[in-house]
Each structure stands twice: as C-alpha cells, then as structure tokens.
There are 2 protein chains.
Amino acid sequence: MSEADIPVVNFHPYRWGDPTRPAELPAAAVKALALLGAEAPANGPIEPQDVPLAPPVLDGAAVRALTELVGAEHVDTDAATRIAHTRGWSTPDLLRLRAGDTTDAPDAVVLPGSHDEVVAVLAECARRRIAVVPYSGGTSVVGGLAPQRDGFTGVIALDLRRLDALVALDDVSRTATLQAGVRGPHAERLLHARGYTLGHFPQSFEGASIGGYAAARSAGQASAGYGRFDEMVVGLVLATPRGTVELGTAPRSAAGPDLRQLVLGSEGAFGVITAVTVRVRPAPDVTIYEGWRFATFAEGADALRCLVQGGPLPSVLRLSDEAETAVNLSDPTGVIGAGPGGCLAIVGFEGTPAVVEARRTGAAARLTELGGTPLGTGPGDAWRAGRFRAPYLRDPLLDAGVLVETLETATFWSNLHSLRTAVTAALTESLTEPGRHPLVLCHISHVYETGASLYFTVVCAQSDDPLAKWARAKAAANTAIREVGATISHHHGVGTDHRDAYAEEVGPLAVEVLQAVKRVLDPDGVLNPGVLVPADR
Amino acid sequence: MSEADIPVVNFHPYRWGDPTRPAELPAAAVKALALLGAEAPANGPIEPQDVPLAPPVLDGAAVRALTELVGAEHVDTDAATRIAHTRGWSTPDLLRLRAGDTTDAPDAVVLPGSHDEVVAVLAECARRRIAVVPYSGGTSVVGGLAPQRDGFTGVIALDLRRLDALVALDDVSRTATLQAGVRGPHAERLLHARGYTLGHFPQSFEGASIGGYAAARSAGQASAGYGRFDEMVVGLVLATPRGTVELGTAPRSAAGPDLRQLVLGSEGAFGVITAVTVRVRPAPDVTIYEGWRFATFAEGADALRCLVQGGPLPSVLRLSDEAETAVNLSDPTGVIGAGPGGCLAIVGFEGTPAVVEARRTGAAARLTELGGTPLGTGPGDAWRAGRFRAPYLRDPLLDAGVLVETLETATFWSNLHSLRTAVTAALTESLTEPGRHPLVLCHISHVYETGASLYFTVVCAQSDDPLAKWARAKAAANTAIREVGATISHHHGVGTDHRDAYAEEVGPLAVEVLQAVKRVLDPDGVLNPGVLVPADR
C-alpha cells in the first residue's frame, strides 16, 4: 500500500495506528522477550467502553455558547469522544488509559469548521477561562495533550479535523496551502492528484496532521532530501484569542526576525495554527531504498557525515547501531543475511530517473570508499514497507508485560558519540533490575551538515510500576542529554514531559521571552496551559 | 585580489568602501549621465574635518562609568571618531553627512573587549538611560544606525571591532565560532587558513561584519549555493542589559520555537550579538562564473526558476533585466558583445572539480533548453571582479549631481512579475520630472525553490532636494511592495526606514509580540531605540 492509499481512520483510544490492521508479535519475538524477564500482567487493559470517566465539569452555559459558535453537531460531550481525545500516543499515555486513568480527559470536544470559528472559540474560552487543547492528529508522545486543569472552569479539545482542505496550489511557486486538520495520508492524496508530494513522512504519518507537523516541528524520515517540516513552511495562519497573525510574504526575508519560526514549535501555547503554506515537490518517478552494512556504528556515522557534508545527498539516510541492527536481524523478515553483526544503514533516493541514478551511483562509490558493503534493495524495501508498522508492535508488547518506549535528541557531529554513550548508559542503568536487563537500541534518524539526531528505543520488562520505571529512565536520559549539551528533542517536541529540561536548555531569559509572547497572544493563559511554556511567576 | 587579501581598513565617513581605492566615473558614463539631466552641484561635499559637530551631551559621570568598564583607551569622544560612527551607508545617510548634518552622531564610541564587557556596558547604559547603537560594520542602508534620541541622556555607538577572533573551529562538525566584530574579509582570511570558507559575500562584504550579518539577516551573492547567513547560523550568543542568552544545542531541534531565528534579524533592538557559530564549507578548489543571455526577463526568470526547482543548482544565480543589462553594456568593461539587448544572467559554480564539472554541464544543458545562450566566462569574471566595486561609483556620481540608490524585496515566483512591474512603475513615476527621466534597473539577486528577490537600482538627477526626491520614491516603492503582498526587505533589513512598512507587513499582534520581547530583554528600551520595533503604546 502506498502512502497515498492509507485511509482516514478513527483511531483506537489507546492503540497505535489503524485499528483495522493491528499487529501481532512474531513467535520468535515472544521467545526472545522472555529473556527480558517480562511477564504478562494478570489483567489486561480495561476495554475502552469500560473505562471510567467523570462527568464533564464544563457548565451548560459554556456548552451552549460553544454550540452557538460551531453548531450543536460540532460539540461532543459523550464519553467515547472524550476518551478518544484523552492524551496522546506515548507509552505512559497508553499505560494510563489502559489502567482506566482518564483524569486528563477533556470535558468537551469542539470541532470548528473555519479559521474564524477557531478565533471565536478561543475568544469565548478566554472569556470563560476554559483551557483549550488544540487537537489535530492527537499523536503527541511528550504529553502535549495533557494540560494543567487547575484554575480553569473546564478543558476542551479543539479538534481541527474539519479543516481538511487543500486551499491553494501554486504550480509556478510550487507551494500548497493546506488546512491544519489535513492528516498525512490525506495531504499526500490531495497533492498526488496534482502531481506533487510533501515528502514528509514521520512515523506518526497515519495519524498526524499538517497543524501538528507545524506546531511540533516534525521531521520526516526523508528529511535529508525533503527537509524538515519547519524548512518546508513558507507561510502560516495563527488563530489566537485576540485575533489572527498571518505570516509569510516571501520565501525568505530580512524584515525582522523570522516570526514563522517563533510560531513553528509553539505547540498550541501561542495560538492555533489553522493553515500552513508549504513548499511542495514533484511526486518522484523513482524511489529506490537500499541497505548498506558498516562494521561499527562509528564507521557508519562517519560515512553518513561524509555524505551529508560532501554529497551526493540521498533522500533518506539513517543508521542503526549494533544493538538495533541485531534486533532487526532477529526479525523473521530481516534480510541482512548472516553477517557478523555490524550496523545497517538505509540509503534511499527519490526523484527523476536521471537524478536518482546520478546520486545513487555517486553515493554508492562514496559509501564503498568509506567502508560500507552494499546489501541491495532488500533491507531498504523491508524498512520502507514496515516503517509505519513498528509502533503497532507496542500494543501486543504492552499486553505481554513489556515496556517499550522511544526518545530522541540531536547534537553536532563532534559530540555525537559522547551523546550516544551517555544516553545509552543512563537508560541501561536506570532500567536494569535484578535478573531483568533492558534492550537499549539507537539509530541516527536525521542528518545535517553540522550534526545529527539520535533516536533511542528501549525494550524491557514492565515490572510492578512501569510508569514509575519509565519516569526514572526518562529523567536519567534527560540529565544525560543536558549534561553533554545536546537538545532535549529533535522532533518529538516539548509538551509537558520536556518542559523543565527545555527551560534549562534555553535559559531563564529565553523562558521569560516565551512567557511574554504568550501573554500578548493569550493573555488569559487558556491555550494548552502547562505545555511548552513554564508557568509565569 | 581575492577576498582573502582585502585589508582591514578604516572607512571614510561618507564614502563607500576602501578609501585607498576610490572609483572614478568612466568618461562614457559621464556623457551618458548628461541624458538624465543631472548637473553637478555648485558646492561639493563638506570635507570630514570641516563637518560641524555639537559637543557630546553625555555627562562626565557617564563617560567615567563607561571608562571604568572598558578602559579609558576604549571610550572615544573625539569629533573624527564620532563622525565616523554617524549613520550608515545609504544614499540619504551620505547626503546628510556630505551636507554637514551630524544630528545622529553618537556622543561617544565605546569599544568593549569581551562579551562580559558588552553586558556590563548595556547594564550601565540601561541604568543611565543612555541609548546604545550596536555598531560592527556600520554598513546599514536602512537607517539602522540612527536611533531616536528623545528621552535619553545620550547616545553611544557600541563598536564591536575588538571582538574579532575565530573562537573555535570544529573540523568534524564543520562549524566555526566567530566573534561579532570580525569583518567579512577577515573572516575569510581566518577560515581560509584552516581550509574553509563561509561563502558569504554580500555587496557590503568589505565593511560588514559577522554580527551585522546575523543582526540584519544578510544574504550573500552566492546564496544559491551557500545559503543565506541566517541559514548558516547554528548558534549565537546575545548580550542584553539583563544578561546573556545563549542558543544552539544542535543543528535543528523540536525543542520549542527556533529562538535563534528570533534573534537573527533583531537589528540590535533585543540585544547585541557577540558571537555566532556558523556552518562552514571547504574552500572551493574551482570557481567558474559564466554569463548567459536570455531574450527577455520573463524567459530568464523562468530559466532561473527551473534550475532552482529542478537542479542542478549553481552557487551563484542572478539575472539582470533588459535595462540593467543595457547599462552594463555601456560599461567599457562590458563583454556581452553587440547582441540586441536581452538579459544577462550570471551563473557561478564553486566546489570540487568533480562537483563543479557535473553541475556546470547539467546546468548548461538545462539553460540551453530553456532558451539561454552561453556567453562564456567573460561576463562572469567581469562581474566577479567588479562585484564589490559597483557601490564605489556612487560617490563620484553624487559629486556629479546624480542620485543613485537601491532597494530590494522578495516574493513567490508566481508574483514576481507583478512585483517588478509595480515597483518599476512606482519608482519611474515618482522620480520623473520635466526633462529629467530616471533609469530604473532591476535584477533577480537571490533564488529559492518557491520565489526570488528583486533588487532595484535607480539613477537620476539629484534635482533641488535629493533627500525629499528619494523619500517620495521610496515611499511609492514601499506602497507598491506592500500592495502586491511582497516583503519590504529581502536582505537590507528594517532599520528605521522600513519600520512602518514592516509593522504593516507582520500586523499589529506580531508588533505587540516584538514589543513584548524587547520589554523582557531591554526593559529600559535603550537598545537601538526606534529601530525595527515601533515604540510601545
């Protein structure tokens, strides 16, 4: 199935992805997982329809006022809808909902049909001190959908799914204006019909939306070739309780700071992005993804660095460390062969036949010089076919008593190995219990001339209190990341989980700047309270 | 002379560039200029030593306090130094100083020797309500060095020339940390010694500095290949009256908004950038600049667009319109030949022999398909040799009674011709007087996948009041730019000249955001008052 064919689906409240295609654990994996010391919990998760839910605290007048703005059929207070909009897709989010914890459920879900309705709803919520959680894909893995409730008369989820249009396509400038609620697959469908692609494929692609990409500075798996989402954006429209901010008169400008880059990454704390104008590219004629093997992670990382610094640059460039490569080998679909370990790189090319051929030939020569062994298209095709499927495995793993979670960071090339060592050690140490050893896997997921991101996956036994266990590990990883001077997030964002580490990363004066910006655009502080911006003194 | 050999010079108070290499008008040009109706003014400019200057208003206690912070030898209040730090390099700036108008002269010039000294000076100035004009290259052409004096006890120019070190070079990450006062040629010298280049060559290269590049979002003539300056920056250090903001933990991050992009373009209104970490590239082995001829501007613009959207991308890509091409032809060094007009494009390649050869061959094939005629390296070499020299001609032109000035803007490709038509008409109409017709020349100076910049040069008779004449033309151009929805500046910046148009461009809520950011970082409002940010309510 190509990206363009993935249907728009309603998601399960606490299982990843398309509910019509749940994943099962391969038998070999079940056996391997026993080595972690994991035991399936005595009781499975509470079924969605049985999850307890407190009645909404929002008063009738507030519901009526919102209803007047968007129509009665676009304000939902039923339990199923509220639960479906509770938190995001992080493992702690899932664990809490599986255990029946709905304390972060919104009191109502409001579905505006236009930018003006968003502005009106925000103004109304400001007047009534109702907290607003902007909700488009609902795929946050950093607590971006769990706002502070204290001091508010209620919480609504502002679901943008009705804003799902391709508003404009400029064939000359190669830009597309998309509304915020357009989900990844739908965006590709709309653009493919006109011959274009966004080229943006984060792992949350099936659920995430244009507004979320922008609000959280998403990076897709083909970022080497197509750029990060923030690099694609040339214009955006922001709805705030005080009105509209519209930015983007040119691709680049020297007219002051680039305020687009202040809105990108603001995670709903400054306003609700309702539309984004992005650079698009012709849909590729040719797509070739190949595997390369390097003896060590250090050798592979050097090869990736040489390619991104000296070219030719592939569209996709990633490298698994020895541990992650070995785990992939244990997968029955693994096709690397019986080599003695090493590290798997995925090197993908997209474009016209001539461009792909030239870059592929050039890159192959360079990678060979740099110690790589070509593995053909088998590993590349396998990775590409499964790239949105991996997170589906988390649900049967959770059922089997396994804790699986990811985190990511980025730094400059000269600091990369220190970062990997420090975070791997922090995660390993904090997740090890007597007789229970974690798997800590790592890959380079995104590359730049000056540095790269590292993406970590941990797999371990849940033990008695998996939430507390992960919280300790996450805290240890955050400390390690900050101590080596890397960023607390390369593409997951800040949310509530990274808020304190983020404040430390940018420093107290920058935090005051964020607070001041928020006070201007959201003087009543109703927008995603507690997310991104630390509370004002 | 290569870029690396240009000496660090002390500039003339009101003549462009290296005073040891003044330009003379070619005889052919003098003849041609008579057609404009220009007449040399009866009196030449006032010589710098004769320019009248009011005594400094800064009180003795303030001077002593600043002296204690930076040392007596680093606080200058003599007339020559004050005049040398008066305003920037725009034509109105030169006209005012030539006429003896020193109302914008600073009361003292302070030269801090470290970041900490900058912070201390800013804090002291905040306490004493002394306005601070950050000054590195002094090359602003938009009134960025003419702050409002009202309400302040005095004005100092904070000259950063002592901050002139290459602080760090990371060969693995390919980043360099340069202090703000390093001028363009010195930066290239420092980097060339280590095998690198910044690849940043704005026309102000000889005078401009790293801090100014960052504060004003500079774009160099090779931006197609090396990127704009804001794209090179991965880290920066900002001194404010309240302390330090240090940003840049990774090439890219999803940890909140990209605050680097809030500081870049802040033009000294939020703080003083004291150091910048930039991506560097290996110094090119090969540099080939070629000329191409297109029958019309529309055809040439389409060719540039196809190249930047489909590749292969040159390092330099620019296109003069018919009028600008014709004027170049009248230059005795013009080597386009006797073709019937048309438009000259400069297409330059820099890099390794293999990369240059591949791109040059590919680009030549594309440009030929797109209607271009190759003119060989003659026009390219001539342009490259003269690229920093053109502004030198302004001084003898001013002496000859000619008004010459430039402005620039940018928009998306589909809007480019409307923009050029509107601005050309606005400038032509407002500068035309009975018997005196202006030359209005235009070129595409910077290209992006989604759009391009347009750079306009006007040449006309000064008439009785050249300042008023230009003010009318500038106002008409600004209106035209805003009416077609383009940006008020692609790389010159905002300063005071564009402040109102800029406020209109980003809208009232965004202006409040800028004011709020300034209140946090500069609560006493002493930093470059009146520049960039409109006065608070």
# chains A, B, ... in the order shown; residues from 1 in each chain; ligands from 1
$ residues_around --residues "Glu68 of chain B" --least-positions-apart "4" --cutoff "12 Å" --atoms "only C-alpha atoms" --output "PyMOL selection string"
chain B and resi 61-64+72-75+110+112+117+120-121+124
$ select_by_dssp --residues "segment 107-278 of chain A" --states "strand (DSSP E or B)" --output "PyMOL selection string"
chain A and resi 108-110+130-135+154-159+166-170+175-179+183+196-197+209+233-240+243-247+272-278
$ closest_atom_pairs --of "chain B" --to "chain A" --cutoff "7 Å" --atoms "only C-alpha atoms" --output "Markdown table"
| residue | atom | partner | partner_atom | distance |
| --- | --- | --- | --- | --- |
| B:Val172 | CA | A:Ser414 | CA | 5.5 |
| B:Ser173 | CA | A:Thr450 | CA | 4.5 |
| B:Arg174 | CA | A:Thr450 | CA | 5.8 |
| B:Thr175 | CA | A:Thr450 | CA | 6.6 |
| B:Ala216 | CA | A:Ala254 | CA | 6.4 |
| B:Arg217 | CA | A:Ala254 | CA | 5.2 |
| B:Val245 | CA | A:Leu509 | CA | 6.5 |
| B:Leu247 | CA | A:Val506 | CA | 6.4 |
| B:Thr249 | CA | A:Ala486 | CA | 5.2 |
| B:Ala250 | CA | A:Thr411 | CA | 4.3 |
| B:Pro251 | CA | A:Gly451 | CA | 5.9 |
| B:Arg252 | CA | A:His490 | CA | 6.8 |
| B:Ser253 | CA | A:His490 | CA | 4.3 |
| B:Ala254 | CA | A:His491 | CA | 4.7 |
| B:Ala255 | CA | A:Gly493 | CA | 5.3 |
| B:Gly256 | CA | A:Gly265 | CA | 4.5 |
| B:Pro257 | CA | A:Gly265 | CA | 4.4 |
| B:Asp258 | CA | A:Gln261 | CA | 5.5 |
| B:Leu259 | CA | A:Leu262 | CA | 6.7 |
| B:Gln261 | CA | A:Asp258 | CA | 5.5 |
| B:Leu262 | CA | A:Pro257 | CA | 4.7 |
| B:Val263 | CA | A:Pro257 | CA | 6.3 |
| B:Leu264 | CA | A:Pro257 | CA | 5.7 |
| B:Gly265 | CA | A:Pro257 | CA | 4.4 |
| B:Ser266 | CA | A:Pro257 | CA | 5.6 |
| B:Arg279 | CA | A:Thr450 | CA | 6.6 |
| B:Ala410 | CA | A:Ala250 | CA | 5.7 |
| B:Thr411 | CA | A:Ala250 | CA | 4.3 |
| B:Phe412 | CA | A:Ala250 | CA | 5.7 |
| B:Trp413 | CA | A:Ser173 | CA | 4.8 |
| B:Ser414 | CA | A:Val172 | CA | 5.5 |
| B:Tyr448 | CA | A:Pro251 | CA | 6.9 |
| B:Thr450 | CA | A:Ser173 | CA | 4.5 |
| B:Gly451 | CA | A:Pro251 | CA | 5.9 |
| B:Gly485 | CA | A:Thr249 | CA | 6.1 |
| B:Ala486 | CA | A:Thr249 | CA | 5.2 |
| B:Thr487 | CA | A:Thr249 | CA | 5.3 |
| B:Ile488 | CA | A:Ala255 | CA | 6.4 |
| B:Ser489 | CA | A:Ala255 | CA | 5.3 |
| B:His490 | CA | A:Ser253 | CA | 4.3 |
| B:His491 | CA | A:Ala254 | CA | 4.6 |
| B:His492 | CA | A:Ala254 | CA | 6.4 |
| B:Gly493 | CA | A:Ala254 | CA | 4.8 |
| B:Val494 | CA | A:Ala255 | CA | 5.5 |
| B:Tyr502 | CA | A:Ala255 | CA | 6.4 |
| B:Val506 | CA | A:Leu247 | CA | 6.4 |
| B:Gly507 | CA | A:Val245 | CA | 7.0 |
| B:Leu509 | CA | A:Val245 | CA | 6.5 |
| B:Ala510 | CA | A:Val245 | CA | 6.7 |
| B:Glu512 | CA | A:Val520 | CA | 6.7 |
| B:Val513 | CA | A:Val517 | CA | 5.5 |
| B:Ala516 | CA | A:Ala516 | CA | 5.7 |
| B:Val517 | CA | A:Val513 | CA | 5.5 |
| B:Val520 | CA | A:Val513 | CA | 6.2 |
| B:Leu532 | CA | A:Gly256 | CA | 6.9 |
$ residues_around --residues "segment 284-288 of chain B" --least-positions-apart "4" --cutoff "8 Å" --atoms "only C-alpha atoms" --output "number ranges by chain"
B: 197, 348-353, 356, 377, 380
$ residues_around --residues "Ile156 of chain B" --least-positions-apart "3" --cutoff "8 Å" --atoms "only C-alpha atoms" --output "ChimeraX atom specification"
/B:106-110,130-133
$ write_last_selection --atoms "N, CA, C and O atoms" --output "compact mmCIF listing (two decimals), in the first residue's frame"
# COMPACT_ATOMS: atom_id res chain seq x y z
N PRO B 106 26.82 59.85 17.48
CA PRO B 106 26.83 59.40 18.87
C PRO B 106 27.64 60.38 19.72
O PRO B 106 28.51 61.09 19.21
N ASP B 107 27.37 60.40 21.02
CA ASP B 107 28.12 61.25 21.93
C ASP B 107 29.46 60.63 22.28
O ASP B 107 30.41 61.34 22.63
N ALA B 108 29.51 59.32 22.21
CA ALA B 108 30.76 58.62 22.47
C ALA B 108 30.75 57.31 21.73
O ALA B 108 29.69 56.77 21.41
N VAL B 109 31.94 56.81 21.46
CA VAL B 109 32.10 55.50 20.86
C VAL B 109 32.78 54.61 21.89
O VAL B 109 33.86 54.95 22.38
N VAL B 110 32.14 53.50 22.22
CA VAL B 110 32.65 52.61 23.25
C VAL B 110 33.05 51.30 22.59
O VAL B 110 32.28 50.74 21.80
N ILE B 130 21.04 55.68 28.67
CA ILE B 130 21.84 56.05 27.50
C ILE B 130 21.45 55.11 26.36
O ILE B 130 21.47 53.90 26.53
N ALA B 131 21.06 55.67 25.23
CA ALA B 131 20.74 54.84 24.07
C ALA B 131 22.01 54.21 23.50
O ALA B 131 23.06 54.86 23.48
N VAL B 132 21.91 52.96 23.07
CA VAL B 132 23.06 52.22 22.57
C VAL B 132 22.81 51.80 21.12
O VAL B 132 21.84 51.11 20.83
N VAL B 133 23.70 52.21 20.24
CA VAL B 133 23.65 51.76 18.85
C VAL B 133 24.73 50.71 18.64
O VAL B 133 25.90 51.03 18.59
$ residues_around --residues "Leu398 of chain B" --least-positions-apart "5" --cutoff "9 Å" --atoms "only C-alpha atoms" --output "tab-separated table (two decimals) with C-alpha atoms, in the first residue's frame"
chain	number	residue	atom	x	y	z
B	40	ALA	CA	26.97	68.86	-10.62
B	41	PRO	CA	26.05	70.87	-7.53
B	91	THR	CA	22.43	57.42	-0.07
B	95	LEU	CA	23.80	63.07	1.52
B	393	LEU	CA	30.73	54.56	-8.15
B	403	LEU	CA	21.17	60.41	-7.26
B	404	VAL	CA	21.79	56.68	-7.13
B	462	GLN	CA	19.51	64.88	-7.84
$ select_by_dssp --residues "segment 290-444 of chain A" --states "helix (DSSP H, G or I)" --output "number ranges by chain"
A: 297-310, 322-330, 353-369, 377-386, 390-399, 413-431
$ atom_distance --atom1 "atom CA of Arg82 of chain B" --atom2 "atom CA of Gly44 of chain B"
21.9 Å
$ atom_distance --atom1 "atom CA of Pro185 of chain B" --atom2 "atom CA of Ala239 of chain B"
24.6 Å
$ atom_distance --atom1 "atom CA of Phe297 of chain B" --atom2 "atom CA of Asp321 of chain B"
5.3 Å
